[in-house]
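Engineer: Structure file data.cif (mmCIF, C-alpha atoms) right here:
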```
data_structure
#
loop_
_atom_site.group_PDB
_atom_site.id
_atom_site.type_symbol
_atom_site.label_atom_id
_atom_site.label_comp_id
_atom_site.auth_asym_id
_atom_site.auth_seq_id
_atom_site.Cartn_x
_atom_site.Cartn_y
_atom_site.Cartn_z
ATOM 1 C CA MET A 5 10.150 9.423 -11.222
ATOM 2 C CA PRO A 6 10.136 9.488 -7.396
ATOM 3 C CA GLU A 7 7.781 6.905 -5.911
ATOM 4 C CA GLY A 8 7.865 4.966 -2.670
ATOM 5 C CA ASP A 9 10.819 2.824 -3.744
ATOM 6 C CA SER A 10 12.830 5.944 -4.653
ATOM 7 C CA VAL A 11 12.358 7.404 -1.175
ATOM 8 C CA LEU A 12 13.249 4.075 0.440
ATOM 9 C CA GLN A 13 16.473 3.980 -1.574
ATOM 10 C CA LEU A 14 17.196 7.573 -0.569
ATOM 11 C CA THR A 15 16.679 6.628 3.072
ATOM 12 C CA ASN A 16 19.171 3.789 2.662
ATOM 13 C CA ARG A 17 21.711 6.294 1.309
ATOM 14 C CA LEU A 18 21.178 8.472 4.394
ATOM 15 C CA LYS A 19 21.216 5.726 7.029
ATOM 16 C CA TRP A 20 24.670 6.926 8.198
ATOM 17 C CA MET A 21 23.123 10.172 9.506
ATOM 18 C CA PRO A 22 21.691 9.093 12.892
ATOM 19 C CA GLY A 23 24.096 9.953 15.690
ATOM 20 C CA ARG A 24 25.746 12.795 13.762
ATOM 21 C CA GLU A 25 25.637 16.364 15.028
ATOM 22 C CA VAL A 26 24.207 19.059 12.779
ATOM 23 C CA LEU A 27 27.066 21.560 12.594
ATOM 24 C CA HIS A 28 25.124 23.965 10.374
ATOM 25 C CA SER A 29 21.646 24.101 8.896
ATOM 26 C CA ASP A 30 20.268 26.365 6.174
ATOM 27 C CA PHE A 31 16.631 26.252 5.084
ATOM 28 C CA ARG A 32 16.153 28.151 1.839
ATOM 29 C CA VAL A 33 12.380 28.362 1.826
ATOM 30 C CA PRO A 34 10.520 31.461 3.057
ATOM 31 C CA ALA A 35 8.569 29.725 5.822
ATOM 32 C CA LEU A 36 11.787 28.430 7.414
ATOM 33 C CA ALA A 37 14.104 31.341 6.638
ATOM 34 C CA THR A 38 14.974 31.857 10.317
ATOM 35 C CA ALA A 39 14.702 28.228 11.440
ATOM 36 C CA SER A 40 17.715 26.252 12.611
ATOM 37 C CA ILE A 41 18.542 22.763 13.866
ATOM 38 C CA THR A 42 22.230 23.603 14.270
ATOM 39 C CA GLY A 43 23.651 21.851 17.323
ATOM 40 C CA GLU A 44 21.041 19.094 17.312
ATOM 41 C CA ARG A 45 21.909 15.433 16.833
ATOM 42 C CA VAL A 46 20.190 13.382 14.136
ATOM 43 C CA ARG A 47 18.096 10.696 15.798
ATOM 44 C CA ALA A 48 16.441 8.909 12.881
ATOM 45 C CA VAL A 49 15.811 8.952 9.128
ATOM 46 C CA TRP A 50 12.825 7.106 7.639
ATOM 47 C CA PRO A 51 10.396 7.075 4.691
ATOM 48 C CA TYR A 52 6.620 7.003 4.656
ATOM 49 C CA GLY A 53 5.293 6.481 1.152
ATOM 50 C CA LYS A 54 6.767 9.307 -0.921
ATOM 51 C CA HIS A 55 7.718 11.371 2.146
ATOM 52 C CA LEU A 56 11.136 11.565 3.836
ATOM 53 C CA PHE A 57 11.498 12.348 7.545
ATOM 54 C CA ILE A 58 14.695 13.308 9.378
ATOM 55 C CA GLN A 59 14.480 13.772 13.135
ATOM 56 C CA ALA A 60 17.090 16.051 14.730
ATOM 57 C CA GLY A 61 16.660 16.546 18.448
ATOM 58 C CA GLU A 62 12.961 16.989 19.148
ATOM 59 C CA ARG A 63 12.050 18.283 15.692
ATOM 60 C CA ILE A 64 11.403 16.511 12.402
ATOM 61 C CA LEU A 65 12.376 17.750 8.950
ATOM 62 C CA HIS A 66 9.705 16.643 6.482
ATOM 63 C CA THR A 67 10.433 16.778 2.753
ATOM 64 C CA HIS A 68 8.885 15.536 -0.483
ATOM 65 C CA LEU A 69 10.756 15.180 -3.773
ATOM 66 C CA LYS A 70 7.696 15.843 -5.983
ATOM 67 C CA MET A 71 8.902 15.596 -9.611
ATOM 68 C CA GLU A 72 12.289 17.314 -9.611
ATOM 69 C CA GLY A 73 13.689 16.924 -6.104
ATOM 70 C CA VAL A 74 16.985 15.215 -5.316
ATOM 71 C CA TRP A 75 19.309 14.912 -2.333
ATOM 72 C CA ALA A 76 23.079 15.119 -2.826
ATOM 73 C CA ILE A 77 25.885 14.206 -0.418
ATOM 74 C CA HIS A 78 29.223 16.050 -0.512
ATOM 75 C CA ALA A 79 32.324 16.569 1.553
ATOM 76 C CA ALA A 80 31.938 20.077 2.996
ATOM 77 C CA GLY A 81 33.860 22.566 0.883
ATOM 78 C CA SER A 82 33.631 20.538 -2.323
ATOM 79 C CA ARG A 83 31.816 21.892 -5.339
ATOM 80 C CA TRP A 84 28.123 21.008 -5.603
ATOM 81 C CA ARG A 85 27.067 19.068 -8.657
ATOM 82 C CA ARG A 86 23.871 21.128 -8.981
ATOM 83 C CA PRO A 87 23.381 24.919 -9.032
ATOM 84 C CA GLY A 88 23.293 26.569 -5.624
ATOM 85 C CA TYR A 89 20.051 28.396 -6.398
ATOM 86 C CA THR A 90 18.208 25.050 -6.538
ATOM 87 C CA ALA A 91 19.142 24.169 -2.932
ATOM 88 C CA ARG A 92 16.237 24.178 -0.484
ATOM 89 C CA VAL A 93 17.898 22.477 2.510
ATOM 90 C CA VAL A 94 21.578 22.390 3.447
ATOM 91 C CA LEU A 95 22.715 20.311 6.427
ATOM 92 C CA ARG A 96 26.363 20.097 7.455
ATOM 93 C CA LEU A 97 27.023 17.103 9.668
ATOM 94 C CA SER A 98 29.925 15.981 11.818
ATOM 95 C CA PRO A 99 32.620 14.019 9.929
ATOM 96 C CA GLN A 100 32.575 10.300 9.400
ATOM 97 C CA HIS A 101 36.082 9.934 10.857
ATOM 98 C CA PRO A 102 37.885 12.127 13.432
ATOM 99 C CA GLY A 103 39.819 14.815 11.613
ATOM 100 C CA GLY A 104 37.889 14.290 8.388
ATOM 101 C CA PRO A 105 35.815 16.929 6.605
ATOM 102 C CA PRO A 106 32.199 17.540 7.634
ATOM 103 C CA ILE A 107 29.592 16.073 5.325
ATOM 104 C CA GLU A 108 27.006 18.196 3.554
ATOM 105 C CA VAL A 109 23.581 16.863 2.657
ATOM 106 C CA VAL A 110 21.799 19.152 0.202
ATOM 107 C CA GLY A 111 18.181 18.884 -0.901
ATOM 108 C CA HIS A 112 17.752 20.433 -4.359
ATOM 109 C CA GLU A 113 14.417 21.469 -5.894
ATOM 110 C CA LEU A 114 12.421 19.808 -3.142
ATOM 111 C CA GLY A 115 8.714 20.148 -3.700
ATOM 112 C CA PHE A 116 7.929 20.403 -0.029
ATOM 113 C CA VAL A 117 9.914 21.354 3.113
ATOM 114 C CA ARG A 118 8.505 21.511 6.637
ATOM 115 C CA LEU A 119 9.918 21.456 10.168
ATOM 116 C CA PHE A 120 7.659 20.436 13.040
ATOM 117 C CA PRO A 121 7.835 19.128 16.640
ATOM 118 C CA ALA A 122 8.407 15.367 16.844
ATOM 119 C CA ARG A 123 5.346 15.026 19.075
ATOM 120 C CA ASP A 124 3.172 16.035 16.101
ATOM 121 C CA TYR A 125 4.309 13.219 13.805
ATOM 122 C CA ALA A 126 1.160 11.119 14.184
ATOM 123 C CA THR A 127 -0.966 14.119 13.240
ATOM 124 C CA VAL A 128 1.215 14.977 10.238
ATOM 125 C CA VAL A 129 0.870 11.513 8.676
ATOM 126 C CA GLN A 130 -2.705 10.923 9.798
ATOM 127 C CA HIS A 131 -4.123 11.710 6.347
ATOM 128 C CA LEU A 132 -1.902 9.136 4.611
ATOM 129 C CA GLY A 133 -2.973 5.595 3.909
ATOM 130 C CA PRO A 134 -0.815 2.572 4.731
ATOM 131 C CA ASP A 135 2.741 2.636 3.367
ATOM 132 C CA ILE A 136 2.909 -0.040 0.680
ATOM 133 C CA LEU A 137 6.600 -0.650 1.464
ATOM 134 C CA ASP A 138 6.079 -1.065 5.201
ATOM 135 C CA PRO A 139 7.680 -4.408 6.149
ATOM 136 C CA GLY A 140 4.488 -5.218 8.059
ATOM 137 C CA TRP A 141 2.190 -4.287 5.159
ATOM 138 C CA ALA A 142 0.303 -7.594 5.149
ATOM 139 C CA SER A 143 0.935 -8.780 8.702
ATOM 140 C CA GLU A 144 0.703 -5.881 11.149
ATOM 141 C CA GLU A 145 -2.206 -3.755 12.312
ATOM 142 C CA PHE A 146 -2.408 -0.340 10.699
ATOM 143 C CA ARG A 147 -2.696 2.225 13.485
ATOM 144 C CA ASP A 148 -5.738 1.242 15.563
ATOM 145 C CA THR A 149 -7.961 -0.033 12.746
ATOM 146 C CA GLY A 150 -7.896 -3.723 13.618
ATOM 147 C CA ARG A 151 -6.823 -4.348 9.998
ATOM 148 C CA THR A 152 -3.473 -4.906 8.344
ATOM 149 C CA GLY A 153 -2.124 -2.136 6.132
ATOM 150 C CA ARG A 154 -3.084 -4.135 3.058
ATOM 151 C CA ASP A 155 -6.664 -4.675 4.210
ATOM 152 C CA GLU A 156 -7.069 -1.049 5.257
ATOM 153 C CA ALA A 157 -5.870 0.148 1.833
ATOM 154 C CA LEU A 158 -8.327 -2.236 0.192
ATOM 155 C CA ARG A 159 -11.162 -0.945 2.376
ATOM 156 C CA ARG A 160 -10.365 2.671 1.557
ATOM 157 C CA ILE A 161 -10.372 2.069 -2.189
ATOM 158 C CA LEU A 162 -13.585 0.000 -2.160
ATOM 159 C CA ARG A 163 -15.578 2.626 -0.244
ATOM 160 C CA ARG A 164 -15.793 4.742 -3.443
ATOM 161 C CA PRO A 165 -16.955 2.306 -6.154
ATOM 162 C CA GLU A 166 -17.678 5.066 -8.686
ATOM 163 C CA ARG A 167 -14.079 6.299 -8.750
ATOM 164 C CA SER A 168 -11.607 5.069 -11.369
ATOM 165 C CA LEU A 169 -9.243 2.430 -10.035
ATOM 166 C CA GLY A 170 -6.302 4.263 -11.607
ATOM 167 C CA ALA A 171 -7.088 7.425 -9.641
ATOM 168 C CA ALA A 172 -7.728 5.465 -6.437
ATOM 169 C CA LEU A 173 -4.317 3.773 -6.603
ATOM 170 C CA LEU A 174 -2.562 7.141 -6.906
ATOM 171 C CA ASP A 175 -4.482 8.673 -3.996
ATOM 172 C CA GLN A 176 -2.006 8.719 -1.119
ATOM 173 C CA ARG A 177 -4.921 8.798 1.334
ATOM 174 C CA ASN A 178 -5.741 5.252 0.215
ATOM 175 C CA VAL A 179 -2.263 3.790 -0.018
ATOM 176 C CA ALA A 180 1.025 5.675 0.306
ATOM 177 C CA GLY A 181 3.850 5.172 -2.149
ATOM 178 C CA ILE A 182 2.320 4.266 -5.519
ATOM 179 C CA GLY A 183 3.106 6.701 -8.339
ATOM 180 C CA ASN A 184 2.300 6.957 -12.023
ATOM 181 C CA GLU A 185 4.806 4.413 -13.330
ATOM 182 C CA TYR A 186 3.685 1.713 -10.928
ATOM 183 C CA ARG A 187 0.045 2.588 -11.578
ATOM 184 C CA ALA A 188 0.522 2.182 -15.341
ATOM 185 C CA GLU A 189 2.346 -1.126 -15.080
ATOM 186 C CA VAL A 190 0.079 -2.630 -12.422
ATOM 187 C CA MET A 191 -3.054 -1.803 -14.425
ATOM 188 C CA PHE A 192 -1.508 -3.568 -17.414
ATOM 189 C CA LEU A 193 -0.569 -6.592 -15.334
ATOM 190 C CA ILE A 194 -4.111 -7.005 -13.975
ATOM 191 C CA GLY A 195 -5.561 -6.485 -17.465
ATOM 192 C CA LEU A 196 -7.753 -3.443 -16.866
ATOM 193 C CA HIS A 197 -7.889 0.079 -18.289
ATOM 194 C CA PRO A 198 -6.830 2.690 -15.682
ATOM 195 C CA ALA A 199 -10.209 4.439 -15.986
ATOM 196 C CA VAL A 200 -12.282 1.381 -15.031
ATOM 197 C CA PRO A 201 -14.474 2.207 -11.998
ATOM 198 C CA VAL A 202 -13.574 0.478 -8.757
ATOM 199 C CA GLY A 203 -17.031 -1.070 -8.530
ATOM 200 C CA GLN A 204 -16.779 -2.468 -12.060
ATOM 201 C CA ALA A 205 -13.344 -3.887 -11.389
ATOM 202 C CA GLY A 206 -14.588 -5.634 -8.252
ATOM 203 C CA GLN A 207 -12.966 -6.465 -4.941
ATOM 204 C CA GLN A 208 -10.882 -9.335 -6.311
ATOM 205 C CA LYS A 209 -9.240 -7.186 -8.993
ATOM 206 C CA VAL A 210 -8.665 -4.295 -6.587
ATOM 207 C CA ALA A 211 -6.970 -6.679 -4.162
ATOM 208 C CA GLN A 212 -4.921 -8.083 -7.039
ATOM 209 C CA ALA A 213 -3.818 -4.568 -7.989
ATOM 210 C CA LEU A 214 -2.656 -3.844 -4.440
ATOM 211 C CA ASP A 215 -0.878 -7.178 -4.121
ATOM 212 C CA LEU A 216 0.913 -6.722 -7.443
ATOM 213 C CA ALA A 217 1.873 -3.153 -6.601
ATOM 214 C CA ARG A 218 3.371 -4.342 -3.334
ATOM 215 C CA ARG A 219 5.167 -7.244 -5.009
ATOM 216 C CA VAL A 220 6.757 -5.336 -7.880
ATOM 217 C CA MET A 221 7.667 -2.345 -5.716
ATOM 218 C CA TRP A 222 9.203 -4.608 -3.081
ATOM 219 C CA GLU A 223 11.216 -6.454 -5.732
ATOM 220 C CA ASN A 224 12.406 -3.139 -7.208
ATOM 221 C CA ARG A 225 13.114 -1.445 -3.881
ATOM 222 C CA LEU A 226 16.896 -1.984 -4.052
ATOM 223 C CA GLU A 227 17.296 -1.845 -7.836
ATOM 224 C CA PRO A 228 18.830 1.165 -9.627
ATOM 225 C CA HIS A 229 16.342 0.779 -12.502
ATOM 226 C CA ARG A 230 12.765 -0.463 -12.193
ATOM 227 C CA VAL A 231 11.900 -3.616 -14.098
ATOM 228 C CA PHE A 232 8.371 -4.933 -14.657
ATOM 229 C CA THR A 233 8.875 -7.245 -17.637
ATOM 230 C CA GLY A 234 11.765 -9.294 -16.252
ATOM 231 C CA ASP A 235 14.028 -7.930 -19.011
ATOM 232 C CA ARG A 236 16.772 -5.693 -17.628
ATOM 233 C CA ARG A 237 18.059 -4.480 -20.977
ATOM 234 C CA PRO A 238 17.791 -0.690 -21.493
ATOM 235 C CA GLY A 239 14.345 0.277 -22.727
ATOM 236 C CA MET A 240 12.866 -3.177 -22.132
ATOM 237 C CA GLY A 241 11.780 -2.916 -18.484
ATOM 238 C CA THR A 242 8.196 -1.627 -18.867
ATOM 239 C CA PHE A 243 5.062 -2.873 -20.601
ATOM 240 C CA VAL A 244 3.186 0.391 -21.219
ATOM 241 C CA PHE A 245 4.671 3.267 -19.198
ATOM 242 C CA GLY A 246 6.124 5.860 -21.585
ATOM 243 C CA ARG A 247 5.518 3.581 -24.603
ATOM 244 C CA ALA A 248 2.774 5.462 -26.494
ATOM 245 C CA ALA A 249 2.508 4.468 -30.170
ATOM 246 C CA LYS A 250 4.756 1.436 -29.647
ATOM 247 C CA PRO A 251 3.590 -2.173 -29.980
ATOM 248 C CA CYS A 252 2.369 -4.036 -26.919
ATOM 249 C CA ARG A 253 4.948 -6.559 -25.779
ATOM 250 C CA ARG A 254 2.194 -9.179 -25.389
ATOM 251 C CA CYS A 255 -0.185 -8.768 -28.308
ATOM 252 C CA GLY A 256 1.419 -6.269 -30.685
ATOM 253 C CA GLU A 257 -1.465 -3.761 -30.497
ATOM 254 C CA THR A 258 -0.396 -0.102 -30.428
ATOM 255 C CA ILE A 259 -0.062 1.374 -26.918
ATOM 256 C CA GLU A 260 -2.335 4.374 -26.418
ATOM 257 C CA GLN A 261 -1.921 7.476 -24.246
ATOM 258 C CA SER A 262 -4.350 9.921 -22.683
ATOM 259 C CA THR A 263 -4.949 11.600 -19.313
ATOM 260 C CA LEU A 264 -6.841 10.623 -16.199
ATOM 261 C CA GLY A 265 -7.776 12.418 -13.011
ATOM 262 C CA GLY A 266 -8.145 15.988 -11.927
ATOM 263 C CA ARG A 267 -10.601 17.596 -9.570
ATOM 264 C CA PHE A 268 -13.527 17.496 -11.994
ATOM 265 C CA ALA A 269 -12.697 14.250 -13.796
ATOM 266 C CA GLY A 270 -15.684 12.279 -12.586
ATOM 267 C CA GLY A 271 -14.720 12.137 -8.932
ATOM 268 C CA ASP A 272 -15.875 14.251 -6.020
ATOM 269 C CA PRO A 273 -14.748 17.916 -6.452
ATOM 270 C CA GLU A 274 -14.299 18.305 -2.706
ATOM 271 C CA LEU A 275 -12.802 14.938 -1.811
ATOM 272 C CA ASP A 276 -10.488 15.105 -4.840
ATOM 273 C CA ALA A 277 -9.582 18.789 -4.662
ATOM 274 C CA GLY A 278 -5.865 17.977 -4.717
ATOM 275 C CA GLU A 279 -6.001 15.380 -7.466
ATOM 276 C CA LEU A 280 -3.850 16.124 -10.498
ATOM 277 C CA GLU A 281 -4.491 15.153 -14.084
ATOM 278 C CA ARG A 282 -1.881 12.554 -15.006
ATOM 279 C CA ILE A 283 -0.852 10.769 -18.200
ATOM 280 C CA ILE A 284 -1.972 7.170 -18.617
ATOM 281 C CA TRP A 285 -0.840 4.481 -21.039
ATOM 282 C CA TRP A 286 -2.653 1.256 -21.896
ATOM 283 C CA CYS A 287 -2.991 -1.504 -24.451
ATOM 284 C CA PRO A 288 -6.514 -1.402 -25.951
ATOM 285 C CA HIS A 289 -6.487 -5.172 -26.472
ATOM 286 C CA CYS A 290 -5.003 -6.302 -23.154
ATOM 287 C CA GLN A 291 -6.721 -3.703 -20.942
ATOM 288 C CA PRO A 292 -10.471 -3.453 -21.540
ATOM 289 C CA GLY A 293 -13.034 -1.963 -19.214
ATOM 290 C CA GLY A 294 -12.726 1.817 -19.356
ATOM 291 C CA GLN A 295 -12.540 4.908 -21.497
ATOM 292 C CA ALA A 296 -9.927 7.674 -21.080
#
```
So, in terms of structure tokens, how does the structure I just supplied come out?
Structural biologist:
Amino acid sequence: MPEGDSVLQLTNRLKWMPGREVLHSDFRVPALATASITGERVRAVWPYGKHLFIQAGERILHTHLKMEGVWAIHAAGSRWRRPGYTARVVLRLSPQHPGGPPIEVVGHELGFVRLFPARDYATVVQHLGPDILDPGWASEEFRDTGRTGRDEALRRILRRPERSLGAALLDQRNVAGIGNEYRAEVMFLIGLHPAVPVGQAGQQKVAQALDLARRVMWENRLEPHRVFTGDRRPGMGTFVFGRAAKPCRRCGETIEQSTLGGRFAGGDPELDAGELERIIWWCPHCQPGGQA
């Protein structure tokens, strides 16, 4: 499931791109049907939360994996490993070695594709909270707030005490990068039900949730498979995520499953207009303090 660590790993796979010329570009989404960055040189590739940015010349390609998206890298002319009709972006770049084949980077089933002038970057990301995987998360000022990224994320979550902490952690306007798997595991680790209101949880627990999310995501950022339990054996890496009806690894109680979130799920219908209903998992013994 793509979360901030997935996009960071994808960026690491694409770090060879800067300096390469775009020999051919093909955007297979209606809004960009006639757009082209052919002839431009890639200047940078970077993540921000769950978003991937590729700057070519003075424009930035902005994509989001959503649930199904994936980027594939091929030697130009080789057969794609995924169906051609799922391609949304095709970039052919200059070869790695003189005389070698060009390299194709193909974005399949991307949930979001946009191309915009580089000068607009600050405006494009303005709505996003601090990136939880920013190296300066706890030490550098976030924009011009006078606060670190960590403290700004904490402030944003605490300003709505009536909202469930589980929904607040997934809101990319509060903190960018946390997804459903990390939300489920972090809520277990701090010992609270995902539906507990922020105000009931209290500032200390909210801060603990952010600190744990940062810690486990940072420790997983280079790993092929996420691990929260310390056990790397297949099927043993999570406490509650995806484990409905199975025994809790701590107490043996049966893990429960329900849903949380959505525009009219107790939040503000206007502020939370884009909020989706998501599955939650929890241990009823280890995670008190809320009702799904």
Engineer: Counting all atoms listed in the file, which residue out of A:His66, A:His289, A:Arg159, A:Arg85 sits closest to Val110 of chain A?
Structural biologist: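 Using all atoms listed in the file, the shortest distance to Val110 of chain A belongs to A:Arg85.
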Engineer: At what distance in Å, to one decimal, does atom CA of Asp215 of chain A lie from atom CA of Thr152 of chain A?
Structural biologist: 12.9 Å
Engineer: Which residues, named as in the file, does the PyMOL selection byres ((chain A and resi 188-191) around 8) pick out? Answer as an mmCIF file with C-alpha atoms, in the frame of the given file.
Structural biologist:
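Ended up saving to selection.cif:
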```cif
data_model
loop_
_atom_site.group_PDB
_atom_site.id
_atom_site.type_symbol
_atom_site.label_atom_id
_atom_site.label_comp_id
_atom_site.auth_asym_id
_atom_site.auth_seq_id
_atom_site.Cartn_x
_atom_site.Cartn_y
_atom_site.Cartn_z
ATOM 1 C CA GLY A 170 -6.302 4.263 -11.607
ATOM 2 C CA ASN A 184 2.300 6.957 -12.023
ATOM 3 C CA GLU A 185 4.806 4.413 -13.330
ATOM 4 C CA TYR A 186 3.685 1.713 -10.928
ATOM 5 C CA ARG A 187 0.045 2.588 -11.578
ATOM 6 C CA PHE A 192 -1.508 -3.568 -17.414
ATOM 7 C CA LEU A 193 -0.569 -6.592 -15.334
ATOM 8 C CA ILE A 194 -4.111 -7.005 -13.975
ATOM 9 C CA GLY A 195 -5.561 -6.485 -17.465
ATOM 10 C CA LEU A 196 -7.753 -3.443 -16.866
ATOM 11 C CA HIS A 197 -7.889 0.079 -18.289
ATOM 12 C CA PRO A 198 -6.830 2.690 -15.682
ATOM 13 C CA ALA A 213 -3.818 -4.568 -7.989
ATOM 14 C CA LEU A 216 0.913 -6.722 -7.443
ATOM 15 C CA ALA A 217 1.873 -3.153 -6.601
ATOM 16 C CA PHE A 232 8.371 -4.933 -14.657
ATOM 17 C CA THR A 242 8.196 -1.627 -18.867
ATOM 18 C CA PHE A 243 5.062 -2.873 -20.601
ATOM 19 C CA VAL A 244 3.186 0.391 -21.219
ATOM 20 C CA PHE A 245 4.671 3.267 -19.198
ATOM 21 C CA ILE A 284 -1.972 7.170 -18.617
ATOM 22 C CA TRP A 285 -0.840 4.481 -21.039
ATOM 23 C CA TRP A 286 -2.653 1.256 -21.896
ATOM 24 C CA GLN A 291 -6.721 -3.703 -20.942
#
```
Engineer: Need to verify the contact set: segment 77-83 of chain A, 12 Å, all atoms listed in the file, exclusion of same-chain residues closer than 4 positions in sequence. Can you return it as a VMD selection string?
Structural biologist: chain A and resid 14 17 to 18 20 to 21 27 to 28 87 to 88 93 to 100 104 to 112
Engineer: For the file shown, what are the residues hit by the PyMOL selection byres ((chain A and resi 255) around 12), laid out as a list in words?
Structural biologist: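 After applying the PyMOL selection byres ((chain A and resi 255) around 12), what remains is Phe243, Lys250, Pro251, Cys252, Arg253, Arg254, Gly256, Glu257, Thr258, Ile259, Cys287, Pro288, His289, Cys290 and Gln291 of chain A.
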Engineer: Which residue gives the smallest distance to Leu264 of chain A among A:Val200, A:Ala126, A:Ile41, A:Ala171, with all atoms listed in the file counted?
Structural biologist: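 When distances to Leu264 of chain A are compared using all atoms listed in the file, the smallest one comes from A:Ala171.
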Engineer: List as a PyMOL selection string the protein and nucleic acid residues near Arg230 of chain A, meaning an atom at most 7 Å away when only C-alpha atoms are counted, but skip any in the same chain fewer than 3 places from it.
Structural biologist: chain A and resi 224+227+241
Engineer: Excluding Val46 of chain A and any residue of its chain fewer than 2 positions from it, enumerate the residues within 7 Å of it, using all atoms listed in the file, and give them as a list in words.
Structural biologist: Met21, Pro22, Gly23, Arg24, Glu25, Glu44, Ala48, Gln59, Ala60 and Gly61 of chain A
Engineer: Here is a test: counting all atoms listed in the file, which residue of A:Trp222, A:Asp235, A:Glu145, A:Arg47 is nearest to Ser10 of chain A?
Structural biologist: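 Of the candidates, the smallest distance to Ser10 of chain A is held by A:Trp222.
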Engineer: Evaluate the PyMOL selection byres ((chain A and resi 202) around 6) and record the selected residues as a PyMOL selection string, following the chain and residue labels used in the document.
Structural biologist: chain A and resi 165+167-169+201+203-205
Engineer: What is the distance between atom CA of Leu214 of chain A and atom CA of Trp141 of chain A, in Å to one decimal?
Structural biologist: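 Result for atom CA of Leu214 of chain A versus atom CA of Trp141 of chain A: 10.8 Å, one decimal.
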Engineer: Can you measure atom CA of Lys209 of chain A to atom CA of Thr233 of chain A for me? One decimal in Å is fine.
Structural biologist: 20.1 Å
Engineer: Point out the residue among A:Ile283, A:Ile182, A:Leu56, A:Val26 with the least atom-to-atom distance to His68 of chain A, counting only C-alpha atoms.
Structural biologist: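 Looking only at the distances to His68 of chain A, the closest residue turns out to be A:Leu56.
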Engineer: Got a sec: who's within 8 Å of Gly183 of chain A, counting only C-alpha atoms, leaving out chain neighbours fewer than 4 positions off, as a list in words?
Structural biologist: Pro6, Glu7, Gly8, Leu174 and Arg187 of chain A
Engineer: Taking only C-alpha atoms into account, name the residue in A:Glu113, A:Ile136, A:Glu166, A:Gly43 that is nearest to Arg86 of chain A.
Structural biologist: A:Glu113
Engineer: Padding of 6 Å on every side, edges along x, y and z, all listed atoms of segment 104-123 of chain A included: what centre and edge lengths in Å, to one decimal, does that box have, as lines of an AutoDock Vina configuration file?
Structural biologist:
```
center_x = 21.6
center_y = 17.9
center_z = 6.6
size_x = 44.5
size_y = 19.2
size_z = 37.0
```
Engineer: Determine, counting all atoms listed in the file, every residue of protein, DNA or RNA that lies within 12 Å of (2.5, 14.3, 9.7) in the file coordinates, then give the result as a list in words.
Structural biologist: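 Checked against the point, the hits come out as Pro51, Tyr52, Gly53, His55, Leu56, Phe57, Arg63, Ile64, Leu65, His66, Thr67, Arg118, Leu119, Phe120, Pro121, Ala122, Arg123, Asp124, Tyr125, Ala126, Thr127, Val128, Val129, Gln130, His131, Leu132 and Gly133 of chain A.
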Engineer: Rank nothing, just name the residue among A:Val231, A:Gly246, A:Arg218, A:Gln208 nearest to Leu162 of chain A, using all atoms listed in the file.
Structural biologist: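 Once distances to Leu162 of chain A are computed over all atoms listed in the file, the minimum belongs to A:Gln208.
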Engineer: Start from the incomplete input, build N, CA and C atoms for segment 192-203 of chain A, and deliver everything as a compact mmCIF listing (two decimals), in the frame of the given file.
Structural biologist:
```txt
# COMPACT_ATOMS: atom_id res chain seq x y z
N PHE A 192 -1.74 -2.65 -16.30
CA PHE A 192 -1.51 -3.57 -17.41
C PHE A 192 -1.46 -5.00 -16.92
N LEU A 193 -0.75 -5.23 -15.83
CA LEU A 193 -0.57 -6.59 -15.33
C LEU A 193 -1.87 -7.24 -14.88
N ILE A 194 -2.83 -6.42 -14.38
CA ILE A 194 -4.11 -7.00 -13.98
C ILE A 194 -5.11 -7.00 -15.12
N GLY A 195 -4.73 -6.42 -16.27
CA GLY A 195 -5.56 -6.48 -17.46
C GLY A 195 -6.76 -5.58 -17.49
N LEU A 196 -6.64 -4.39 -16.86
CA LEU A 196 -7.75 -3.44 -16.87
C LEU A 196 -7.28 -2.05 -17.26
N HIS A 197 -8.14 -1.32 -17.95
CA HIS A 197 -7.89 0.08 -18.29
C HIS A 197 -7.82 0.90 -17.00
N PRO A 198 -6.93 1.89 -16.91
CA PRO A 198 -6.83 2.69 -15.68
C PRO A 198 -8.11 3.42 -15.31
N ALA A 199 -8.98 3.70 -16.28
CA ALA A 199 -10.21 4.44 -15.99
C ALA A 199 -11.36 3.56 -15.54
N VAL A 200 -11.17 2.25 -15.44
CA VAL A 200 -12.28 1.38 -15.03
C VAL A 200 -12.71 1.75 -13.61
N PRO A 201 -14.02 1.89 -13.36
CA PRO A 201 -14.47 2.21 -12.00
C PRO A 201 -14.15 1.07 -11.03
N VAL A 202 -13.89 1.46 -9.80
CA VAL A 202 -13.57 0.48 -8.76
C VAL A 202 -14.67 -0.58 -8.65
N GLY A 203 -15.92 -0.13 -8.66
CA GLY A 203 -17.03 -1.07 -8.53
C GLY A 203 -17.10 -2.04 -9.69
```
